[in-house]
Each structure stands twice: as structure tokens, then as C-alpha cells.
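Below: one structure, written as C-alpha cells.
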Amino acid sequence: MARGLLYALAGAAIGAAAARAAYSACTRNRPADLGGRWTRKNHRGEPITLLEGPAFVAGSGAAAALTPGLAPRTRLAAVLAGVGTGALGAYDDLYGTTSSKGFKGHLTALARGEVTSGAVKILGIGATGLGAAALVSDGPVDTLVNGAAIAGAANLANLFDLRPGRAIKVGLLAGGPLLAVSLLRSSPAAAALAAVPLGAAAALLPDDLGERAMLGDAGANSLGALLGLAAVTKLGRPGRLVLLGTVAALTAASEKVSFTKVIAANPVLNRLDMLGRRPVDHV
């Protein structure tokens, strides 16, 4: 456990320090934001920067490359999952349109011969997830299951990035128990993998909650993919199948149900969602 704790602390610390350094570097030049390409309006209609996403990708990528305790293939899988999905998310952040939404919308458009930015991201993240999974899996079946779980987790995290701090809170709530179990069961590599995105995300949470920045597709996709990778390296096949089924079910539900409305209607979830946030404006 001691070695796993050391690796986890190193991963979290490197991720946090690198993410904060990257965010400072990005926002220092924010006035020259290429005509506002990295600026969006949040749920209040206020301008907010998406540069938190690239900062998360850079910070977690640096931590994945430098954190001790990871085998070369596992390290490469983490860099591929985090940076690859982050780059695809950034592409959608910069060039995405709202003509099609959700898995169904983008795939329906693709069936009509229309290649949307969302379809490019879905296919790209699927390929990235399989590539990362191939580096840590035993055989084609495991690769398919693990790849689908990594890609699905990347997409699912992005579905929560609709209110300040929500995607990061979900990531911390999902990744915290995974980190704890990895430490208790003496799985140093899994502990390090879980700690990397958690450290980077926690370091950026104050700016997210303060409504100065948001993860966007780049950061949320990367956060989900890294946590998905950490999960598939720790869980046995039954656990990975449960993970994949849960991710698939929540993704399917998001096509019919608003997560924001469900959270707002539940007192416990709403309190967690509002923790650290500015009060909701009432008209």
C-alpha cells in the first residue's frame, strides 16, 4: 500500500502542478484568443473560457508521462487516452456545430452522408479508446470491452459538463473510490492512473466553480477517458462489463432525459451540484 500511495501522491501532485501551470500560461494570453474561438457563453449567458480543457489535457498528459510506477505500455495507454480524446474534444470545441446533437443525431447525420464534427469525434474517440485498450488488454475480447468502456466514459463525462464544476465533481466521486480500492488492494499502477486525472481536475475546480472557465469537450473527454482507463486496468471482467453497461445505459438515458432536470429535482444531488457554486439567478 505504501508504494501505491507514493505513486498516487506523485501522480496527483504532478497533475495538479502541471494543470495549474498550463492554465496560467493559456489564460495569460487570453486577450489574443483568435477572435474568441476559445470563449463561450455559459448557462447564465456570461462569457467563459474553454482554455481549462487544454490545461487539463496538458497537465494530466504530463503527469501520465512522468508519474512513477507505470509500465511503459500502461504509460503509453494513458497518454494516448488522455491526449488523444482531449485533442478530438478540442476539435469539436473549435469547429463543432449544433445542427446535430447526441450520439443519435450525429450517427443519423452520418447515415445521410453528412460528416459532422461530432461524428468525427465519436469515431475518433472510439478508435483512441481501442488503441489505448489494446496496450493494457489480454486478447481481442478484452480489448473491445475495455476500448468501449474508455470511449464511453470519455463521452459520458462530457454529458455532465453543463454546469459549473459538475463534470469534475462527477469525476472525483467516481475516481475517488477507484483510487481508494486500488490503494487498499495494493494495485500501485491503478492507483497512479486514477490519481493523475483527479489531481489535475481538483487543481482546476476553483476556476470551474467560479464560472471563470469550463472543461469543454477537450477536458471532459480527457477526464472520462483517463478514469475509464484506470477502471479497466483495475476491474476484473465482470466489473468491466458492469462498468460498460452502466456507461451505455446512462448515455442512452441522456438522449431522452435531461441530467440537469434530474439533478435539480433530487435534494441530495442538487445540494452536491450547487456546492461551491454561485447561487442560481431567479427571475
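Simple scheme: letters A, B, ... for chains in C-alpha cells order, numbers from 1 for residues in each chain, numbers from 1 for ligands in the order shown.
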
Env of Lys41 (chain A): 12 Å cut, atoms = only C-alpha atoms, seq-sep filter 6 positions within chain, self excluded. Answer as a PDB file with N, CA, C and O atoms, in the first residue's frame.
```pdb
ATOM      1  N   PRO A  47     -19.754  35.271 -20.699  1.00  0.00           N
ATOM      2  CA  PRO A  47     -18.604  34.702 -21.410  1.00  0.00           C
ATOM      3  C   PRO A  47     -17.705  33.915 -20.466  1.00  0.00           C
ATOM      4  O   PRO A  47     -17.466  34.309 -19.320  1.00  0.00           O
ATOM      5  N   ILE A  48     -17.219  32.802 -20.966  1.00  0.00           N
ATOM      6  CA  ILE A  48     -16.376  31.917 -20.158  1.00  0.00           C
ATOM      7  C   ILE A  48     -15.370  31.246 -21.075  1.00  0.00           C
ATOM      8  O   ILE A  48     -15.665  30.964 -22.234  1.00  0.00           O
ATOM      9  N   THR A  49     -14.159  31.017 -20.573  1.00  0.00           N
ATOM     10  CA  THR A  49     -13.132  30.435 -21.422  1.00  0.00           C
ATOM     11  C   THR A  49     -13.152  28.912 -21.394  1.00  0.00           C
ATOM     12  O   THR A  49     -13.437  28.297 -20.354  1.00  0.00           O
ATOM     13  N   LEU A  50     -12.852  28.323 -22.543  1.00  0.00           N
ATOM     14  CA  LEU A  50     -12.717  26.869 -22.651  1.00  0.00           C
ATOM     15  C   LEU A  50     -11.275  26.419 -22.445  1.00  0.00           C
ATOM     16  O   LEU A  50     -10.978  25.228 -22.575  1.00  0.00           O
ATOM     17  N   LEU A 162     -22.273  20.639 -18.045  1.00  0.00           N
ATOM     18  CA  LEU A 162     -23.302  21.622 -18.389  1.00  0.00           C
ATOM     19  C   LEU A 162     -23.511  22.671 -17.301  1.00  0.00           C
ATOM     20  O   LEU A 162     -24.243  23.633 -17.512  1.00  0.00           O
ATOM     21  N   ARG A 163     -22.908  22.481 -16.167  1.00  0.00           N
ATOM     22  CA  ARG A 163     -22.990  23.447 -15.074  1.00  0.00           C
ATOM     23  C   ARG A 163     -21.620  23.527 -14.395  1.00  0.00           C
ATOM     24  O   ARG A 163     -20.836  22.575 -14.457  1.00  0.00           O
ATOM     25  N   GLU A 211     -16.943  29.949 -12.278  1.00  0.00           N
ATOM     26  CA  GLU A 211     -17.511  30.326 -13.570  1.00  0.00           C
ATOM     27  C   GLU A 211     -16.579  31.235 -14.364  1.00  0.00           C
ATOM     28  O   GLU A 211     -17.011  32.110 -15.112  1.00  0.00           O
ATOM     29  N   ARG A 212     -15.272  30.983 -14.169  1.00  0.00           N
ATOM     30  CA  ARG A 212     -14.282  31.676 -14.985  1.00  0.00           C
ATOM     31  C   ARG A 212     -13.850  30.824 -16.170  1.00  0.00           C
ATOM     32  O   ARG A 212     -13.315  31.333 -17.155  1.00  0.00           O
ATOM     33  N   ALA A 213     -14.056  29.510 -16.055  1.00  0.00           N
ATOM     34  CA  ALA A 213     -13.605  28.589 -17.092  1.00  0.00           C
ATOM     35  C   ALA A 213     -14.428  27.319 -17.036  1.00  0.00           C
ATOM     36  O   ALA A 213     -15.113  27.047 -16.042  1.00  0.00           O
ATOM     37  N   MET A 214     -14.366  26.529 -18.104  1.00  0.00           N
ATOM     38  CA  MET A 214     -15.028  25.231 -18.119  1.00  0.00           C
ATOM     39  C   MET A 214     -14.160  24.234 -18.885  1.00  0.00           C
ATOM     40  O   MET A 214     -13.311  24.612 -19.698  1.00  0.00           O
ATOM     41  N   GLY A 216     -15.075  22.064 -21.192  1.00  0.00           N
ATOM     42  CA  GLY A 216     -15.392  21.883 -22.596  1.00  0.00           C
ATOM     43  C   GLY A 216     -15.226  20.423 -22.996  1.00  0.00           C
ATOM     44  O   GLY A 216     -14.937  19.548 -22.161  1.00  0.00           O
TER      45      GLY A 216
END
```

Which of region 46-209 of chain A counts as alpha helix (DSSP H) under DSSP, as a PyMOL selection string please? chain A and resi 52-66+72-95+102-111+117-136+139-159+166-184+188-209

For the interface of region 4-97 of chain A with region 125-141 of chain A (cut-off 9 Å, counting only C-alpha atoms), please tabulate each contacting residue of region 4-97 of chain A alongside its nearest pair of atoms and their separation in Å to one decimal, rows sorted by chain and increasing number, as a tab-separated table.
```
residue	atom	partner	partner_atom	distance
A:Arg73	CA	A:Leu135	CA	5.6
A:Thr74	CA	A:Val136	CA	6.2
A:Leu76	CA	A:Ala132	CA	7.7
A:Ala77	CA	A:Ala132	CA	4.4
A:Ala78	CA	A:Ala132	CA	7.1
A:Val79	CA	A:Ala132	CA	8.6
A:Leu80	CA	A:Ala132	CA	6.1
A:Ala81	CA	A:Ala132	CA	5.8
A:Gly84	CA	A:Thr128	CA	6.3
A:Thr85	CA	A:Ile125	CA	5.6
A:Leu88	CA	A:Ile125	CA	7.0
A:Gly89	CA	A:Ile125	CA	8.7
```

Same residues, N, CA and C atoms, saved as a PDB file, in the first residue's frame:
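Output contents, as saved in selection_28.pdb:
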```
ATOM      1  N   ARG A  73       3.853   0.281 -21.387  1.00  0.00           N
ATOM      2  CA  ARG A  73       2.619   0.165 -22.174  1.00  0.00           C
ATOM      3  C   ARG A  73       1.454   0.875 -21.491  1.00  0.00           C
ATOM      4  N   THR A  74       1.393   0.784 -20.172  1.00  0.00           N
ATOM      5  CA  THR A  74       0.339   1.475 -19.427  1.00  0.00           C
ATOM      6  C   THR A  74       0.509   2.982 -19.531  1.00  0.00           C
ATOM      7  N   LEU A  76       1.968   4.611 -21.984  1.00  0.00           N
ATOM      8  CA  LEU A  76       1.603   4.994 -23.346  1.00  0.00           C
ATOM      9  C   LEU A  76       0.088   5.003 -23.521  1.00  0.00           C
ATOM     10  N   ALA A  77      -0.592   4.029 -22.919  1.00  0.00           N
ATOM     11  CA  ALA A  77      -2.056   3.978 -22.997  1.00  0.00           C
ATOM     12  C   ALA A  77      -2.673   5.208 -22.355  1.00  0.00           C
ATOM     13  N   ALA A  78      -2.119   5.647 -21.222  1.00  0.00           N
ATOM     14  CA  ALA A  78      -2.652   6.828 -20.530  1.00  0.00           C
ATOM     15  C   ALA A  78      -2.457   8.091 -21.357  1.00  0.00           C
ATOM     16  N   VAL A  79      -1.281   8.236 -21.947  1.00  0.00           N
ATOM     17  CA  VAL A  79      -1.022   9.411 -22.779  1.00  0.00           C
ATOM     18  C   VAL A  79      -1.942   9.402 -24.001  1.00  0.00           C
ATOM     19  N   LEU A  80      -2.087   8.226 -24.619  1.00  0.00           N
ATOM     20  CA  LEU A  80      -2.947   8.121 -25.796  1.00  0.00           C
ATOM     21  C   LEU A  80      -4.401   8.423 -25.443  1.00  0.00           C
ATOM     22  N   ALA A  81      -4.901   7.829 -24.360  1.00  0.00           N
ATOM     23  CA  ALA A  81      -6.294   8.036 -23.965  1.00  0.00           C
ATOM     24  C   ALA A  81      -6.558   9.492 -23.601  1.00  0.00           C
ATOM     25  N   GLY A  84      -5.246  11.972 -26.693  1.00  0.00           N
ATOM     26  CA  GLY A  84      -5.989  11.689 -27.916  1.00  0.00           C
ATOM     27  C   GLY A  84      -7.435  12.144 -27.840  1.00  0.00           C
ATOM     28  N   THR A  85      -8.120  11.760 -26.776  1.00  0.00           N
ATOM     29  CA  THR A  85      -9.522  12.182 -26.639  1.00  0.00           C
ATOM     30  C   THR A  85      -9.621  13.685 -26.407  1.00  0.00           C
ATOM     31  N   LEU A  88      -9.355  15.426 -29.799  1.00  0.00           N
ATOM     32  CA  LEU A  88     -10.611  15.288 -30.538  1.00  0.00           C
ATOM     33  C   LEU A  88     -11.699  16.183 -29.940  1.00  0.00           C
ATOM     34  N   GLY A  89     -11.714  16.286 -28.616  1.00  0.00           N
ATOM     35  CA  GLY A  89     -12.672  17.181 -27.971  1.00  0.00           C
ATOM     36  C   GLY A  89     -12.399  18.633 -28.323  1.00  0.00           C
TER      37      GLY A  89
END
```

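Secondary structure from DSSP on the backbone puts strand (DSSP E) at the following positions of region 14-256 of chain A: Thr39, Arg40, Lys41, Pro47, Ile48 and Thr49 of chain A.
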
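Checking A:Leu51, A:Ala191, A:Ala157, A:Val262 one by one against Trp38 (chain A), counting only C-alpha atoms, you find the shortest gap at A:Leu51.
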
If we count only C-alpha atoms and set the cut-off at 7 Å, which residues sit around Thr67 (chain A), ignoring sequence neighbours fewer than 3 positions away in its own chain? Please answer as a ChimeraX atom specification. /A:7,10-11,63-64

Can you tell me which residues surround region 274-279 of chain A at a distance of at most 7 Å, considering only C-alpha atoms, apart from same-chain residues fewer than 6 positions away, and format the answer as a PyMOL selection string? chain A and resi 164+209-210

Which residues, written as a ChimeraX atom specification, have at least one atom at most 8 Å from Ala220 (chain A), with only C-alpha atoms counted and residues fewer than 6 positions away on the same chain left out? /A:53,86,154-155,157-158,161,167

Since we have the selection now, will you write its residues out, keeping all heavy atoms, as a short mmCIF file (atom, residue, chain, number, x, y, z; two decimals), in the first residue's frame?
```cif
data_model
loop_
_atom_site.label_atom_id
_atom_site.label_comp_id
_atom_site.auth_asym_id
_atom_site.auth_seq_id
_atom_site.Cartn_x
_atom_site.Cartn_y
_atom_site.Cartn_z
N GLY A 53 -9.92 23.29 -20.55
CA GLY A 53 -9.81 21.97 -21.16
C GLY A 53 -8.41 21.64 -21.62
O GLY A 53 -7.82 20.62 -21.20
N GLY A 86 -8.62 14.25 -25.72
CA GLY A 86 -8.61 15.69 -25.50
C GLY A 86 -8.47 16.46 -26.80
O GLY A 86 -9.13 17.48 -27.01
N ALA A 154 -15.37 8.56 -21.72
CA ALA A 154 -14.98 9.87 -22.25
C ALA A 154 -16.21 10.66 -22.67
O ALA A 154 -16.34 11.86 -22.36
CB ALA A 154 -14.03 9.69 -23.44
N ASN A 155 -17.11 10.02 -23.37
CA ASN A 155 -18.33 10.70 -23.81
C ASN A 155 -19.25 11.04 -22.64
O ASN A 155 -19.82 12.13 -22.58
CB ASN A 155 -19.09 9.83 -24.81
CG ASN A 155 -20.39 10.47 -25.27
OD1 ASN A 155 -20.39 11.45 -26.00
ND2 ASN A 155 -21.51 9.91 -24.81
N ALA A 157 -18.55 11.66 -19.47
CA ALA A 157 -18.07 12.79 -18.67
C ALA A 157 -18.47 14.11 -19.32
O ALA A 157 -18.83 15.07 -18.64
CB ALA A 157 -16.56 12.70 -18.51
N ASN A 158 -18.42 14.15 -20.64
CA ASN A 158 -18.77 15.37 -21.35
C ASN A 158 -20.25 15.73 -21.20
O ASN A 158 -20.62 16.90 -21.23
CB ASN A 158 -18.42 15.22 -22.83
CG ASN A 158 -18.49 16.52 -23.58
OD1 ASN A 158 -18.09 17.56 -23.07
ND2 ASN A 158 -19.00 16.48 -24.79
N ASP A 161 -20.87 18.12 -18.32
CA ASP A 161 -20.19 19.43 -18.32
C ASP A 161 -21.16 20.53 -18.75
O ASP A 161 -20.88 21.27 -19.70
CB ASP A 161 -18.97 19.38 -19.23
CG ASP A 161 -18.06 20.60 -19.05
OD1 ASP A 161 -17.93 21.05 -17.91
OD2 ASP A 161 -17.50 21.07 -20.06
N ALA A 167 -18.89 18.30 -14.03
CA ALA A 167 -18.13 17.19 -14.60
C ALA A 167 -16.97 16.80 -13.70
O ALA A 167 -16.68 15.61 -13.52
CB ALA A 167 -17.62 17.57 -15.99
#
```

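Residue nearest Leu215 (chain A) within the list A:Leu198, A:Ile168, A:Ala65, A:Ala71: A:Ile168 [criterion: smallest interatomic distance, only C-alpha atoms].
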
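Atom pair CA of Gly228 (chain A) / CA of Asn270 (chain A) has a distance of 25.0 Å (rounded to one decimal).
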
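Using only C-alpha atoms, the smallest distance between any of A:Ala252, A:Ala231, A:Leu226, A:Val242 and Ala180 (chain A) comes from A:Ala231.
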
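Between CA of Thr39 (chain A) and CA of Ala201 (chain A) there is a distance of 19.8 Å.
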
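Nearest residue to Arg271 (chain A) among A:Val257, A:Tyr91, A:Arg166, A:Phe160 is A:Arg166, counting only C-alpha atoms.
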
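The two atoms in question, CA of Ser182 (chain A) and CA of Lys234 (chain A), are spaced 7.1 Å apart.
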